[in-house]
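Data block below; observations after.
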Amino acid sequence: MTDPSRRPGADDGGRLGSNRGPETGTPRWVKVFATVAGVAVLLFVVLQFVGGGHGPGRHAGDAGEHAPAARSS
Amino acid sequence: MTVGPRLRKFALTVHVASSVGWLGAVAGFLILAVAGLAGRDAQTVRAAYLAMELIARFVIVPLAFASLLTGLVQSLGTPWGLFRHYWVLVKLLVTVFATVVLLLQMGQIGHLADAAAETTVSGGELRGARGSLVVHASGGLVTLLVPLALSVYKPKGVTRYGLRKRREERPPARP
């Protein structure tokens with residue numbers, strides 16, 4: 001998860017060590033990531049309703065499609 | 001809490017191996033899922049679902065837990081911490097999310113493998129479940145690229161908790 005070969009704040013030009021600049025507030029990349037993740041979750045929820053649900057319950061209905069005892073050689 | 005450099009290197013090696021191995025195993029799983037969905041030969045389709053269950057149970061799930069656990073050791077055992085930097089926190093959340101989705105999919109994977117073991121699974125049979133595995137494996141592959149990229153780029157950003165900890169650990173200014 002973390003690479004100890006790089007120390008926290010090692011390449012931030014010393015800015016992270018002060019109380020100025022990028023140290024305060026949520027970084028832009030986190031906001032972008034959160035937005036994309038939120039849209040993905042929203043899409044997932046919408047597809048659940050449109051597609052008639054998700055998960056084992058939905059796929060259990062497929063069991064009826066299963067051709068019985070069509071064992072191959 | 002920090003660990004020694006030798007243990008840290010070892011944990012990092014295991015973490016990289018398990019994380020990249022997880023990604024590769026999901027890529028292999030995806031190919032089998034596509035072969036199972038689109039394959040015309042009944043034996044190939046059957047073999048694909050049987051192999052997918054084995055890969056998921058004995059390769060992907062163990063690698064997912066190894067990646068998660070070694071990641072926790074790495075973050076808690078180094079100055080990065082687990083909640084101090086946004087990239088570490090986001091990586092943890094994505095890894096936990098991917099692991100939970102994987103575990104939720106195991107029932108469906110087992111169900112398809114059981115069906116494949118008993119009969120031939122081809123044509124329109126279980127198409128919904130078979131298509132779902134392709135979608136989930138594709139999504140999983142994309143999702144697992146996020147922690148990989150975060151580990152390499154380590155984008156800037158310290159959480160409020162990280163800032164507070166940094167201030168606490170900073171030595172008091174000389175008078």
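Identifiers in the structure tokens: chain A, B, ... in order shown; residue index from 1 per chain; ligand index from 1 in order shown.
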
Give me the chain B side of the contact with chain A, cut-off 6 Å, one line per residue showing its nearest atom pair and distance in Å at one decimal, counting only C-alpha atoms, sorted by chain and residue number, as a Markdown table.
| residue | atom | partner | partner_atom | distance |
| --- | --- | --- | --- | --- |
| B:Gly71 | CA | A:Met1 | CA | 4.2 |
| B:Gln74 | CA | A:Thr2 | CA | 5.7 |
| B:Ser75 | CA | A:Thr2 | CA | 5.6 |
| B:Trp80 | CA | A:Pro8 | CA | 5.9 |
| B:Thr119 | CA | A:Arg71 | CA | 4.4 |
| B:Thr120 | CA | A:Arg71 | CA | 5.8 |
| B:Glu125 | CA | A:His66 | CA | 4.9 |
| B:Leu126 | CA | A:Asp62 | CA | 5.0 |
| B:Ala129 | CA | A:His59 | CA | 5.4 |
| B:Gly157 | CA | A:Pro27 | CA | 5.7 |

May I have the residues from that selection written out with C-alpha atoms, as a short mmCIF file (atom, residue, chain, number, x, y, z; two decimals), in the first residue's frame?
data_model
loop_
_atom_site.label_atom_id
_atom_site.label_comp_id
_atom_site.auth_asym_id
_atom_site.auth_seq_id
_atom_site.Cartn_x
_atom_site.Cartn_y
_atom_site.Cartn_z
CA GLY B 71 -1.20 -3.09 2.63
CA GLN B 74 2.79 -1.35 5.06
CA SER B 75 0.76 1.73 5.89
CA TRP B 80 2.70 7.16 5.71
CA THR B 119 -24.55 -30.27 -17.37
CA THR B 120 -23.33 -28.32 -20.34
CA GLU B 125 -28.48 -21.01 -20.42
CA LEU B 126 -27.72 -18.85 -17.38
CA ALA B 129 -25.25 -14.81 -14.63
CA GLY B 157 -2.94 15.59 -0.17
#

Exercise for review: Name the residues in contact with Thr13 of chain B at a cut-off of 12 Å, using only C-alpha atoms, excluding same-chain residues fewer than 3 positions from it; report them as a ChimeraX atom specification.
Suggested key: /A:1-4 /B:6-10,16-21,66-67,70-71,73-74

Check your understanding: Do you know which residues are at most 8 Å from segment 24-27 of chain B counting only C-alpha atoms, after dropping those on the same chain fewer than 3 positions away, and could you put them as a ChimeraX atom specification?
Key -> /B:20-21,30-31,55,59-60,137,140-141

Residues from the last selection, C-alpha atoms, saved as a tab-separated table (two decimals), in the first residue's frame:
chain	number	residue	atom	x	y	z
B	20	VAL	CA	-0.18	-7.29	-9.09
B	21	GLY	CA	-0.95	-11.01	-8.92
B	30	LEU	CA	-12.06	-12.15	-17.42
B	31	ILE	CA	-10.75	-14.01	-20.47
B	55	ILE	CA	-9.02	-19.52	-9.93
B	59	VAL	CA	-5.95	-17.61	-6.40
B	60	ILE	CA	-8.02	-14.41	-6.49
B	137	ALA	CA	-14.55	-9.02	-13.95
B	140	GLY	CA	-12.84	-5.37	-11.16
B	141	LEU	CA	-9.95	-5.06	-13.56

Practice item. Mind checking which residues fall within 9 Å of His85 of chain B, counting only C-alpha atoms, ignoring those fewer than 2 positions away in the same chain, and posting them as a PyMOL selection string? Key: (chain A and resi 8) or (chain B and resi 80-83+87-90+155-159+161-162)

Check your understanding: Per DSSP on the backbone, what are the helix (DSSP H, G or I) residues of segment 5-170 of chain B, as a ChimeraX atom specification?
Key -> /B:5-38,42-76,86-118,127-153,160-169

Check your understanding: So how far away is atom CA of Met106 of chain B from atom CA of His136 of chain B, in Å?
Key ->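 That distance, rounded to one decimal, is 11.3 Å.
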
Exercise for review: Within 8 Å of Asp114 of chain B, counting only C-alpha atoms, which residues show up once you throw out same-chain ones fewer than 4 positions away? Write them as a list in words, please.
Suggested key: Leu50, Gly110 and Glu118 of chain B

Exercise for review: For atom CA of Pro147 of chain B and atom CA of Lys91 of chain B, determine how far apart the two atoms are, in Å to one decimal place.
Suggested key: 5.0 Å
